[in-house]
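Student: I'm passing along protein.tsv; it holds TSV, C-alpha atoms.
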chain	number	residue	atom	x	y	z
A	1	MET	CA	24.21	-1.85	73.91
A	2	PHE	CA	20.71	-3.11	73.15
A	3	ASN	CA	17.96	-1.11	74.83
A	4	LYS	CA	14.61	-2.64	75.82
A	5	LYS	CA	13.01	-1.67	72.54
A	6	HIS	CA	15.76	-3.38	70.56
A	7	LEU	CA	15.50	-6.52	72.68
A	8	ALA	CA	11.74	-6.69	72.21
A	9	LEU	CA	12.06	-6.34	68.46
A	10	LEU	CA	14.73	-9.03	68.28
A	11	ALA	CA	12.68	-11.41	70.42
A	12	SER	CA	9.55	-10.87	68.31
A	13	ALA	CA	11.59	-11.64	65.20
A	14	GLY	CA	12.76	-14.93	66.64
A	15	SER	CA	16.27	-13.69	67.38
A	16	LEU	CA	16.40	-14.91	70.97
A	17	SER	CA	19.80	-16.46	70.35
A	18	LEU	CA	21.22	-13.02	69.57
A	19	VAL	CA	19.65	-11.60	72.71
A	20	GLY	CA	21.16	-14.36	74.78
A	21	MET	CA	24.55	-13.75	73.22
A	22	ALA	CA	24.41	-10.02	73.90
A	23	THR	CA	23.33	-10.62	77.50
A	24	ALA	CA	26.08	-13.19	78.03
A	25	GLN	CA	28.74	-10.81	76.78
A	26	ALA	CA	27.46	-7.89	78.80
A	27	ASP	CA	28.49	-9.00	82.29
A	28	THR	CA	32.26	-9.26	82.22
A	29	LEU	CA	32.51	-7.76	85.70
A	30	SER	CA	30.41	-10.52	87.28
A	31	ASP	CA	32.32	-13.19	85.37
A	32	THR	CA	35.62	-11.72	86.54
A	33	ILE	CA	34.51	-11.58	90.17
A	34	GLU	CA	33.21	-15.15	90.03
A	35	ARG	CA	36.45	-16.34	88.42
A	36	GLY	CA	38.57	-14.35	90.85
A	37	ALA	CA	40.93	-13.15	88.13
A	38	VAL	CA	41.11	-10.96	85.04
A	39	GLN	CA	41.72	-12.81	81.77
A	40	CYS	CA	44.35	-10.64	80.09
A	41	GLY	CA	45.47	-11.08	76.49
A	42	VAL	CA	49.13	-10.09	76.11
A	43	SER	CA	51.86	-10.35	73.48
A	44	ASP	CA	53.79	-13.52	72.85
A	45	GLY	CA	56.73	-12.00	74.70
A	46	LEU	CA	57.70	-8.37	74.09
A	47	PRO	CA	60.15	-7.03	76.70
A	48	GLY	CA	59.02	-3.80	78.32
A	49	PHE	CA	55.39	-4.31	77.34
A	50	SER	CA	54.44	-7.88	78.20
A	51	ALA	CA	56.88	-10.68	78.84
A	52	PRO	CA	57.58	-13.14	81.68
A	53	ASP	CA	60.69	-12.59	83.77
A	54	ASP	CA	63.12	-15.35	84.78
A	55	ASP	CA	60.69	-16.51	87.46
A	56	GLY	CA	57.73	-16.65	85.07
A	57	ASN	CA	56.10	-13.46	86.37
A	58	TRP	CA	54.61	-11.29	83.63
A	59	GLN	CA	55.88	-7.71	83.54
A	60	GLY	CA	55.53	-4.69	81.28
A	61	LEU	CA	53.63	-1.52	80.47
A	62	ASP	CA	50.72	-3.50	78.98
A	63	VAL	CA	50.78	-5.97	81.86
A	64	ASP	CA	50.39	-3.09	84.31
A	65	VAL	CA	47.09	-2.12	82.66
A	66	CYS	CA	45.67	-5.55	83.45
A	67	ARG	CA	47.12	-5.43	86.95
A	68	ALA	CA	45.42	-2.06	87.43
A	69	VAL	CA	42.06	-3.51	86.36
A	70	ALA	CA	42.52	-6.44	88.75
A	71	ALA	CA	43.37	-4.06	91.60
A	72	ALA	CA	40.29	-1.94	90.88
A	73	VAL	CA	37.88	-4.86	90.54
A	74	LEU	CA	39.28	-7.50	92.89
A	75	GLY	CA	41.53	-5.46	95.19
A	76	ASP	CA	44.49	-7.60	94.12
A	77	ALA	CA	46.77	-6.57	91.25
A	78	ASP	CA	48.15	-10.11	91.05
A	79	ALA	CA	44.74	-11.65	90.31
A	80	VAL	CA	45.41	-11.90	86.57
A	81	ASN	CA	45.60	-14.83	84.18
A	82	TYR	CA	47.84	-13.98	81.22
A	83	ILE	CA	47.04	-15.46	77.81
A	84	SER	CA	49.85	-15.07	75.27
A	85	LEU	CA	48.52	-14.13	71.82
A	86	ASN	CA	50.20	-13.39	68.51
A	87	ALA	CA	49.07	-10.56	66.24
A	88	VAL	CA	46.83	-12.78	64.11
A	89	GLU	CA	44.86	-14.45	66.90
A	90	ARG	CA	44.54	-11.52	69.35
A	91	PHE	CA	41.22	-10.08	68.14
A	92	THR	CA	39.52	-13.46	67.83
A	93	ALA	CA	40.51	-14.28	71.41
A	94	LEU	CA	38.83	-11.10	72.64
A	95	GLN	CA	35.75	-11.47	70.44
A	96	SER	CA	35.20	-15.06	71.60
A	97	GLY	CA	35.48	-14.19	75.29
A	98	GLU	CA	38.73	-16.08	75.84
A	99	VAL	CA	40.12	-12.86	77.33
A	100	ASP	CA	38.39	-9.98	79.15
A	101	VAL	CA	40.77	-7.32	77.92
A	102	LEU	CA	43.44	-7.21	75.24
A	103	SER	CA	46.48	-5.27	76.43
A	104	ARG	CA	48.98	-6.10	73.75
A	105	ASN	CA	50.73	-3.20	71.93
A	106	THR	CA	47.71	-2.86	69.63
A	107	THR	CA	47.19	0.16	67.38
A	108	TRP	CA	43.88	2.04	67.53
A	109	THR	CA	42.53	2.34	63.96
A	110	THR	CA	39.16	3.06	62.37
A	111	THR	CA	38.68	-0.49	61.07
A	112	ARG	CA	39.54	-2.13	64.38
A	113	ASP	CA	37.34	0.28	66.32
A	114	THR	CA	34.26	0.08	64.10
A	115	THR	CA	34.12	-3.31	62.35
A	116	LEU	CA	35.36	-5.92	64.84
A	117	GLY	CA	32.86	-5.41	67.66
A	118	LEU	CA	35.60	-3.97	69.84
A	119	ASN	CA	36.27	-0.73	71.74
A	120	PHE	CA	39.64	0.88	72.48
A	121	THR	CA	39.65	2.28	76.00
A	122	GLY	CA	42.52	4.75	75.73
A	123	VAL	CA	46.20	5.09	74.79
A	124	ASN	CA	48.90	3.85	77.12
A	125	PHE	CA	51.71	4.45	74.63
A	126	TYR	CA	51.90	6.84	71.67
A	127	ASP	CA	54.17	5.29	69.07
A	128	GLY	CA	55.11	5.31	65.38
A	129	GLN	CA	56.58	2.88	62.88
A	130	GLY	CA	60.29	2.91	62.28
A	131	PHE	CA	63.18	0.87	60.88
A	132	MET	CA	66.12	-1.01	62.38
A	133	VAL	CA	69.21	-1.77	60.31
A	134	ALA	CA	72.68	-3.18	60.87
A	135	ARG	CA	74.99	-0.38	61.96
A	136	ASP	CA	77.76	-1.41	59.56
A	137	LEU	CA	75.49	-0.80	56.55
A	138	GLY	CA	75.95	2.91	57.16
A	139	ILE	CA	72.29	3.74	56.43
A	140	THR	CA	71.17	6.98	58.02
A	141	GLY	CA	67.63	7.46	56.70
A	142	ALA	CA	64.59	5.58	55.40
A	143	ASP	CA	65.03	7.21	52.00
A	144	GLU	CA	68.06	4.96	51.49
A	145	LEU	CA	66.04	1.73	51.73
A	146	ASP	CA	65.01	1.42	48.07
A	147	GLY	CA	65.21	-2.25	47.05
A	148	ALA	CA	65.78	-3.52	50.59
A	149	SER	CA	64.51	-6.83	51.96
A	150	ILE	CA	62.41	-6.01	55.02
A	151	CYS	CA	61.36	-8.37	57.82
A	152	ILE	CA	57.83	-7.71	59.01
A	153	GLN	CA	55.23	-9.40	61.25
A	154	SER	CA	51.92	-10.45	59.66
A	155	GLY	CA	48.56	-9.27	60.97
A	156	THR	CA	49.87	-5.83	61.94
A	157	THR	CA	49.36	-2.25	60.77
A	158	THR	CA	53.04	-2.17	59.81
A	159	GLU	CA	52.33	-4.11	56.61
A	160	LEU	CA	49.99	-1.44	55.25
A	161	ASN	CA	52.14	1.44	56.49
A	162	LEU	CA	55.20	-0.04	54.82
A	163	ALA	CA	53.45	-0.43	51.46
A	164	ASP	CA	52.05	3.11	51.69
A	165	TYR	CA	55.44	4.64	52.50
A	166	PHE	CA	57.35	2.92	49.71
A	167	ARG	CA	54.66	3.62	47.13
A	168	ALA	CA	54.45	7.29	48.12
A	169	ASN	CA	58.22	7.63	47.81
A	170	ASP	CA	58.45	5.66	44.52
A	171	MET	CA	60.65	2.98	46.08
A	172	GLU	CA	60.54	-0.81	46.02
A	173	PHE	CA	61.07	-3.40	48.76
A	174	ASN	CA	60.98	-7.16	49.27
A	175	PRO	CA	58.78	-8.15	52.24
A	176	ILE	CA	59.88	-11.11	54.36
A	177	VAL	CA	56.82	-11.96	56.46
A	178	PHE	CA	56.73	-13.86	59.77
A	179	ASP	CA	53.89	-14.84	62.13
A	180	THR	CA	55.42	-13.76	65.46
A	181	SER	CA	57.76	-11.07	66.72
A	182	GLU	CA	60.20	-13.78	67.85
A	183	GLN	CA	60.34	-15.21	64.33
A	184	THR	CA	60.69	-11.72	62.86
A	185	VAL	CA	63.69	-10.74	64.94
A	186	GLY	CA	65.15	-14.21	64.38
A	187	GLY	CA	64.89	-13.71	60.63
A	188	TYR	CA	66.58	-10.35	60.89
A	189	GLN	CA	69.42	-11.72	63.02
A	190	ALA	CA	69.88	-14.64	60.62
A	191	GLY	CA	70.33	-12.24	57.71
A	192	ARG	CA	67.05	-13.06	55.98
A	193	CYS	CA	66.48	-9.33	55.51
A	194	ASP	CA	68.36	-6.04	55.50
A	195	VAL	CA	65.82	-4.17	57.62
A	196	LEU	CA	63.39	-4.90	60.45
A	197	THR	CA	60.33	-2.66	60.65
A	198	SER	CA	57.80	-2.27	63.46
A	199	ASP	CA	56.67	0.30	66.01
A	200	THR	CA	59.75	2.06	67.38
A	201	SER	CA	58.99	0.81	70.89
A	202	GLN	CA	58.87	-2.76	69.62
A	203	LEU	CA	62.12	-2.25	67.75
A	204	ALA	CA	63.73	-1.16	71.01
A	205	ALA	CA	62.39	-4.27	72.70
A	206	LEU	CA	63.52	-6.56	69.89
A	207	ARG	CA	66.99	-5.00	69.66
A	208	ILE	CA	67.88	-6.01	73.22
A	209	GLN	CA	67.13	-9.63	72.27
A	210	LEU	CA	69.83	-9.63	69.59
A	211	ASP	CA	73.15	-11.31	70.26
A	212	ASP	CA	74.80	-7.93	69.62
A	213	PRO	CA	72.29	-5.12	70.32
A	214	THR	CA	74.90	-2.43	69.65
A	215	GLY	CA	75.36	-3.77	66.12
A	216	SER	CA	71.96	-2.45	65.04
A	217	VAL	CA	70.58	1.06	64.97
A	218	ILE	CA	67.00	2.36	64.91
A	219	LEU	CA	66.64	5.09	62.29
A	220	SER	CA	65.15	8.41	63.35
A	221	ASP	CA	62.46	8.30	60.63
A	222	VAL	CA	58.91	7.64	61.89
A	223	ILE	CA	56.41	6.92	59.10
A	224	SER	CA	53.09	6.51	60.92
A	225	LYS	CA	50.94	7.22	63.96
A	226	GLU	CA	50.58	4.20	66.24
A	227	PRO	CA	48.44	4.95	69.32
A	228	LEU	CA	48.65	1.75	71.37
A	229	GLY	CA	46.11	0.87	74.02
A	230	PRO	CA	43.88	-1.71	75.71
A	231	VAL	CA	40.81	-3.11	73.96
A	232	VAL	CA	37.52	-4.64	75.18
A	233	ARG	CA	34.41	-6.07	73.54
A	234	GLN	CA	31.57	-3.80	72.52
A	235	GLY	CA	28.25	-4.34	74.31
A	236	ASP	CA	29.49	-4.06	77.89
A	237	ASP	CA	29.71	-0.38	78.82
A	238	LEU	CA	30.34	-1.14	82.49
A	239	TRP	CA	33.48	-3.13	81.74
A	240	PHE	CA	34.53	-0.58	79.11
A	241	ASN	CA	34.37	2.15	81.78
A	242	ILE	CA	36.31	0.08	84.31
A	243	VAL	CA	39.22	-0.59	81.97
A	244	LYS	CA	39.20	2.99	80.67
A	245	TRP	CA	39.21	4.59	84.12
A	246	SER	CA	41.81	2.19	85.48
A	247	LEU	CA	44.24	3.64	82.94
A	248	PHE	CA	43.00	7.19	83.60
A	249	ALA	CA	43.54	6.72	87.34
A	250	MET	CA	47.24	5.99	86.75
A	251	ILE	CA	47.65	9.04	84.51
A	252	ASN	CA	45.81	11.35	86.92
A	253	ALA	CA	47.85	9.99	89.82
A	254	GLU	CA	51.08	11.05	88.10
A	255	GLU	CA	49.67	14.53	87.51
A	256	TYR	CA	48.65	14.85	91.17
A	257	GLY	CA	51.93	13.46	92.51
A	258	VAL	CA	50.41	10.30	94.00
A	259	THR	CA	52.75	7.29	93.85
A	260	SER	CA	52.81	3.74	95.13
A	261	GLU	CA	55.15	4.89	97.90
A	262	ASN	CA	53.11	7.86	99.16
A	263	ALA	CA	49.55	6.71	98.37
A	264	GLU	CA	48.73	5.91	102.00
A	265	GLU	CA	50.11	9.24	103.19
A	266	MET	CA	48.15	11.05	100.49
A	267	LEU	CA	44.89	9.73	101.91
A	268	ASN	CA	45.12	12.76	104.21
A	269	SER	CA	45.76	15.22	101.39
A	270	GLU	CA	43.74	18.44	101.38
A	271	ASN	CA	43.97	18.61	97.58
A	272	PRO	CA	40.38	17.96	96.41
A	273	ASP	CA	41.59	16.22	93.22
A	274	VAL	CA	43.65	13.80	95.28
A	275	ALA	CA	40.83	13.25	97.76
A	276	ARG	CA	38.42	12.33	94.97
A	277	LEU	CA	40.99	10.10	93.28
A	278	LEU	CA	41.71	8.14	96.45
A	279	GLY	CA	38.06	7.80	97.50
A	280	GLN	CA	38.27	10.17	100.47
A	281	ASP	CA	35.73	12.61	99.02
A	282	GLY	CA	32.81	10.77	97.47
A	283	ASN	CA	32.67	7.35	95.83
A	284	TYR	CA	33.58	7.74	92.17
A	285	GLY	CA	33.71	3.99	91.72
A	286	GLU	CA	30.02	3.63	92.47
A	287	GLY	CA	29.00	4.17	88.84
A	288	MET	CA	31.26	1.24	87.89
A	289	ASN	CA	30.06	-1.02	90.73
A	290	LEU	CA	33.45	-0.60	92.41
A	291	ASP	CA	34.38	0.32	95.97
A	292	ALA	CA	35.45	3.87	96.79
A	293	ASP	CA	39.10	2.79	97.12
A	294	TRP	CA	39.33	1.35	93.59
A	295	ALA	CA	41.89	3.92	92.41
A	296	TYR	CA	43.83	3.77	95.70
A	297	ASN	CA	44.23	0.02	95.15
A	298	ILE	CA	45.56	0.65	91.64
A	299	ILE	CA	48.10	3.26	92.68
A	300	SER	CA	49.28	1.57	95.87
A	301	GLN	CA	49.76	-1.81	94.16
A	302	VAL	CA	50.72	-0.91	90.58
A	303	GLY	CA	51.83	2.73	90.75
A	304	ASN	CA	51.08	5.76	88.64
A	305	TYR	CA	51.74	6.03	84.91
A	306	ALA	CA	55.24	7.47	85.36
A	307	GLU	CA	56.26	4.62	87.67
A	308	SER	CA	54.98	2.04	85.20
A	309	PHE	CA	56.66	3.76	82.25
A	310	GLU	CA	60.04	4.19	83.90
A	311	ARG	CA	60.42	0.68	85.29
A	312	ASN	CA	59.24	-1.02	82.10
A	313	VAL	CA	60.35	1.01	79.10
A	314	GLY	CA	61.92	4.25	80.43
A	315	MET	CA	65.51	5.37	80.72
A	316	GLY	CA	65.99	3.20	83.80
A	317	SER	CA	64.96	0.07	81.87
A	318	PRO	CA	66.91	-1.92	79.25
A	319	LEU	CA	64.81	-0.26	76.50
A	320	GLU	CA	65.87	3.27	77.50
A	321	ILE	CA	62.91	5.01	75.83
A	322	GLU	CA	62.51	8.70	76.62
A	323	ARG	CA	59.08	9.97	77.68
A	324	GLY	CA	58.78	12.20	74.60
A	325	VAL	CA	55.14	12.51	73.51
A	326	ASN	CA	54.20	10.10	76.29
A	327	ALA	CA	54.90	12.79	78.86
A	328	LEU	CA	51.92	14.42	80.56
A	329	TRP	CA	50.03	17.17	78.76
A	330	ASN	CA	51.42	19.78	81.16
A	331	ASP	CA	54.97	18.61	80.48
A	332	GLY	CA	54.91	18.82	76.69
A	333	GLY	CA	53.41	15.42	75.95
A	334	PHE	CA	50.11	13.88	74.86
A	335	GLN	CA	49.12	11.98	77.99
A	336	TYR	CA	45.94	13.47	79.41
A	337	ALA	CA	43.18	11.95	81.52
A	338	PRO	CA	39.70	13.36	82.17
A	339	PRO	CA	39.14	14.52	85.75
A	340	ILE	CA	37.64	12.37	88.48
A	341	ARG	CA	34.78	14.42	89.86
Before we go any further, please render this structure as structure tokens.

Tutor:
Amino acid sequence: MFNKKHLALLASAGSLSLVGMATAQADTLSDTIERGAVQCGVSDGLPGFSAPDDDGNWQGLDVDVCRAVAAAVLGDADAVNYISLNAVERFTALQSGEVDVLSRNTTWTTTRDTTLGLNFTGVNFYDGQGFMVARDLGITGADELDGASICIQSGTTTELNLADYFRANDMEFNPIVFDTSEQTVGGYQAGRCDVLTSDTSQLAALRIQLDDPTGSVILSDVISKEPLGPVVRQGDDLWFNIVKWSLFAMINAEEYGVTSENAEEMLNSENPDVARLLGQDGNYGEGMNLDADWAYNIISQVGNYAESFERNVGMGSPLEIERGVNALWNDGGFQYAPPIR
């Protein structure tokens, strides 16, 4: 953010327009409260992560991040406006202020974090790029894909990863590029390509959209690191903290055994970690201009991280994704949230 010295120097140099722009972008919380809803950028329909159900209600792991922010800020997890964005337009929508937060299966990379004026607030799903092929091809590994036609979505990290992998392994491929995930899976189903590549979680989501999901198999090979998480604009540390700690609250709640079903009962817990989380011992929302019950609202209305994972992408969902590296740190996984204290 600009400090007073920076602002004075810009003003003296006749850069008042830049100052005004920075100031305008630095009050997302007030804009959200005045609007009465969080503007959430989501995918153009990816089951398990962000997609409308039969009644038009958005659901998914990424959707729950925005619902958590709305619960923390407005006390109402349903106070969210969802804006469907494809991979190409997602960053522009966030940069321009069309959305307050981008929660759309987006990979955290150096370029995106340092050159676009954006900040990643955490990781809500650790993923990696994989391949899906027709089962009757009998392919068992990525090393058998030399010369294959591969369907891929434009504007994604998968394009670069794919080129890197094939070059490193002295193989060739024919890319068939589409603008949206819907077009990509449609091209695969129509036989435009032999292989569909994307993050393994997205492959699981796309496979259930096929006419015959059992006719395709996701190979075990993973060729990249894809930490997926919510993104906000740089220049608004308050909003950055709110989105970051909304996710952390869900992760900590799982670790402490606080769920949507027992959150009210746990208000009487003698565990100091739980008491701080639920606002019964100090107000740890004060530094974010939030009420003391901000995390209680998240957990009681949205649930903890495990609840969100299981209902959206876990073994009890159509995607049937195991927790794996997305398990908590004390259960063999990567998920870890700083303490609330």

Student: Kindly provide, as a count of residues only, the polymer residues lying within 12 Å of (47.0, -1.5, 73.1), counting all atoms listed in the file and using the coordinates exactly as they appear in the file.

Tutor: 45

Student: What separation in Å, quoted to one decimal, exists between CA of Glu307 in chain A and CA of Ala295 in chain A?

Tutor: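 Between these atoms lies a distance of 15.1 Å.
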
Student: Restricting the calculation to only C-alpha atoms: of A:Trp294, A:Phe248, A:Ile83, A:Pro47, which residue gets closest to Glu320 in chain A?

Tutor: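 Selected residue with least distance to Glu320 in chain A: A:Pro47.
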
Student: For Phe309 in chain A, work out the shell of residues within 10 Å, counting only C-alpha atoms and skipping chain neighbours fewer than 3 positions away, then give it as a ChimeraX atom specification.

Tutor: /A:48-49,60-62,64,124-125,303-306,312-317,321-323,326-327

Student: Would you save the residues from that selection as a PDB file, in the frame of the given file, using C-alpha atoms?

Tutor:
ATOM      1  CA  GLY A  48      59.020  -3.800  78.320  1.00  0.00           C
ATOM      2  CA  PHE A  49      55.390  -4.310  77.340  1.00  0.00           C
ATOM      3  CA  GLY A  60      55.530  -4.690  81.280  1.00  0.00           C
ATOM      4  CA  LEU A  61      53.630  -1.520  80.470  1.00  0.00           C
ATOM      5  CA  ASP A  62      50.720  -3.500  78.980  1.00  0.00           C
ATOM      6  CA  ASP A  64      50.390  -3.090  84.310  1.00  0.00           C
ATOM      7  CA  ASN A 124      48.900   3.850  77.120  1.00  0.00           C
ATOM      8  CA  PHE A 125      51.710   4.450  74.630  1.00  0.00           C
ATOM      9  CA  GLY A 303      51.830   2.730  90.750  1.00  0.00           C
ATOM     10  CA  ASN A 304      51.080   5.760  88.640  1.00  0.00           C
ATOM     11  CA  TYR A 305      51.740   6.030  84.910  1.00  0.00           C
ATOM     12  CA  ALA A 306      55.240   7.470  85.360  1.00  0.00           C
ATOM     13  CA  ASN A 312      59.240  -1.020  82.100  1.00  0.00           C
ATOM     14  CA  VAL A 313      60.350   1.010  79.100  1.00  0.00           C
ATOM     15  CA  GLY A 314      61.920   4.250  80.430  1.00  0.00           C
ATOM     16  CA  MET A 315      65.510   5.370  80.720  1.00  0.00           C
ATOM     17  CA  GLY A 316      65.990   3.200  83.800  1.00  0.00           C
ATOM     18  CA  SER A 317      64.960   0.070  81.870  1.00  0.00           C
ATOM     19  CA  ILE A 321      62.910   5.010  75.830  1.00  0.00           C
ATOM     20  CA  GLU A 322      62.510   8.700  76.620  1.00  0.00           C
ATOM     21  CA  ARG A 323      59.080   9.970  77.680  1.00  0.00           C
ATOM     22  CA  ASN A 326      54.200  10.100  76.290  1.00  0.00           C
ATOM     23  CA  ALA A 327      54.900  12.790  78.860  1.00  0.00           C
TER      24      ALA A 327
END

Student: Considering only C-alpha atoms, can you say which of A:Ala51, A:Thr28, A:Gln59, A:Ala37 comes closest to Asn81 in chain A?

Tutor: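 Of A:Ala51, A:Thr28, A:Gln59, A:Ala37, the one nearest Asn81 in chain A, counting only C-alpha atoms, is A:Ala37.
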
Student: Please measure the separation of CA of Ala70 in chain A and CA of Ile298 in chain A, giving the value in Å to one decimal.

Tutor: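 Between CA of Ala70 in chain A and CA of Ile298 in chain A the gap is 8.2 Å.
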
Student: Applying 10 Å and all atoms listed in the file, which residues near Leu196 in chain A remain after dropping the ones on its own chain fewer than 6 positions away? List them as a count of residues only.

Tutor: 21

Student: Quick one: pull the distance between CA of Ser224 in chain A and CA of Asp143 in chain A, Å, one decimal.

Tutor: 14.9 Å

Student: Taking only C-alpha atoms into account, name the residue in A:Leu116, A:Met250, A:Ile139, A:Ile223 that is nearest to Phe166 in chain A.

Tutor: A:Ile223

Student: Determine the nearest neighbour of Asp44 in chain A from the options A:Ser181, A:Thr92, A:Thr110, A:Thr197, counting all atoms listed in the file.

Tutor: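 Counting all atoms listed in the file, the residue closest to Asp44 in chain A is A:Ser181.
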
Student: Kindly provide, as lines of an AutoDock Vina configuration file, the centre and edge lengths (Å, one decimal) of an axis-aligned box around all atoms of range 260-279 of chain A given in the file, with 8 Å on each side.

Tutor:
center_x = 46.6
center_y = 11.2
center_z = 98.7
size_x = 33.1
size_y = 30.9
size_z = 27.0

Student: Would you mind telling me which residue in A:Ala68, A:Leu210, A:Ala79, A:Cys193 lies nearest to Ile299 in chain A when using only C-alpha atoms?

Tutor: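 Checking each candidate against Ile299 in chain A, we get A:Ala68 as the closest.
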
Student: Between A:Asp199, A:Glu172, A:Glu255, A:Glu264, which residue has the minimum interatomic distance to Leu219 in chain A, considering all atoms listed in the file?

Tutor: A:Asp199
